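S.K.: Encoded as structure tokens, here's the structure I'll be asking about.
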2 protein chains.
Amino acid sequence: MSEKKEDLLHMAETLFDNHGFHSIGLKKIVSESGVALMTLYNHFASKDELAAEVLKRREERYMEHLTFFDTYLEENGEYPDSPFVRIAIAHAHWLTDNSYQGCLFLRAKEEYASKPDHPIVELANGHKRKLREFVQNSDLRRSPKEALRLCLLIEGATALAETEDPDTAARELVAIAESLFAKTQISAV
Amino acid sequence: MSEKKEDLLHMAETLFDNHGFHSIGLKKIVSESGVALMTLYNHFASKDELAAEVLKRREERYMEHLTFFDTYLEENGEYPDSPFVRIAIAHAHWLTDNSYQGCLFLRAKEEYASKPDHPIVELANGHKRKLREFVQNSDLRRSPKEALRLCLLIEGATALAETEDPDTAARELVAIAESLFAKTQISAV
DNA sequence: CAATAGATAGAACGATCAATCTATTTATAC
DNA sequence: GTATAAATAGATTGATCGTTCTATCTATTG
């Protein structure tokens, strides 16, 4: 991939994170990237396609983070039995390692809500669905409801990190997850 | 308060909920309200002041909902011992009774993040602080960390209601809160 | 050197934005 | 009935938006 395109995607992700999709203009993105406006249009058909690619890359990075974090936990000694707890820890590190302002997918869904069939809305919905399936498939002994509860905790920690210290939000996420899912006993609810 | 002003505040809240603050124009607000543009400017100095009043009214309504929901629970037989569980139930009903798209205060904070001292950002931060204090003061036997955990659950349910059925999000919020806080025993963590 | 492709700056387009002004109409109060 | 205030429609201002176009410049390749 072109270096300019990489720069654009990286800067667009940062600006979308900090200001939202509709609030940030293309001129801001290209000026901050040190790239000409026409270069942006040579790589992306429109602003929406740029936003869509930003979201796709974010999703790839996030899912890789969740997947590869198990190996990190193994190498560093701490390896909780419960896959749900390990996912919670992985998400906690995602929150502390990045300085995001809430979930970019939820923001995208909100900002494009007036067009429910827009590809960006489907990307956002797809991401949440994939995350729920990832959680569910990580521990088949757990019920779909329990998977949904871990998703609730993950969303809650991401939101709490906006108004509280991200480290605090991350710590409480893990604490709750351990309290709910650490025990070998699987609740039948 | 003027009827036109009420109409404007109500319509603005709905449109801000569904489309965000920066995405919705004043002309949309006045046309949907059946009110002239100048009437809006007779009641509000600017778009930002309108948004600020919308948030103030939302906060009042939400805190009243939390406060008065205890009496509703009493009258309808079900009255859990734990104040934390009662707050979770109250928030669950808030989610199912309204068709909001995420937390309007978090959205405001995100959209105005480029101006950290903006009154709207301070309104959003103030609301989250008040909610945390409300939770903390509802049960002084609980630790600040436990109060923060209920806040995390509340945020999580609000976020989950965006991609899942709000009824589902509300039900799982109550289920987790009961699992964590229903027992008389207070954890010392 | 010549040719091709990619990147550049800058202007221009139509549209929309928040905000202001004017002039007219409607409703309330004395 | 008259005076006062509120609400109305519509035009306007200056700014910004996404998008397109042109014309110049730079780098690589043959």
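Here, A, B, ... name the chains of the structure tokens in the order displayed, residue numbers run from 1 inside each chain, and ligands are numbered from 1 in the same displayed order.
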If we count only C-alpha atoms (C1' of nucleotides), what is near Ala52 of chain B at a cut-off of 7 Å, once residues fewer than 4 positions away on the same chain are taken out, given as an NGL selection string?

M.R.: :B and (48 or 56 or 120)

S.K.: For chain A, which residues have at least one atom within 10 Å of chain B, if we go by only C-alpha atoms? Write them as a ChimeraX atom specification, please.

M.R.: /A:17-23,101-103,106-107,109-114,124-126,128-129,145-146,148-164,168-169,171-173,175-176,179-180,189

S.K.: When you look at DC17 of chain C with a cut-off of 12 Å (counting only C-alpha atoms (C1' of nucleotides)), what residues show up, excluding the ones that are within fewer than 5 positions of it in the same chain? I need them as a list in words.

M.R.: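 Using only C-alpha atoms (C1' of nucleotides), the neighbours found are His22, Ser23, Ile24, Gly25, Leu26, Lys27, Lys28 and Lys47 of chain B; DT13, DG14, DA15, DT16 and DC17 of chain D.
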
S.K.: Show me which bits of chain D are within 12 Å of chain A, counting only C-alpha atoms (C1' of nucleotides), as JSON, numbers by chain.

M.R.: {"D": [16, 17, 18, 19, 20, 21, 22]}

S.K.: For DT24 of chain C, find every residue with an atom within 12 Å (counting only C-alpha atoms (C1' of nucleotides)), except residues of its own chain fewer than 6 positions away, and show them as a VMD selection string.

M.R.: chain D and resid 7 to 10

S.K.: Out of C:DA3, C:DA29, C:DC21, C:DA9, which residue has the shortest atom-to-atom distance to DT24 of chain D when counting only C-alpha atoms (C1' of nucleotides)?

M.R.: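 The closest residue to DT24 of chain D is C:DA9.
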
S.K.: Between atom C1' of DA12 of chain C and atom CA of Val54 of chain A, what is the distance, to one decimal in Å?

M.R.: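 Between atom C1' of DA12 of chain C and atom CA of Val54 of chain A the gap is 29.1 Å.
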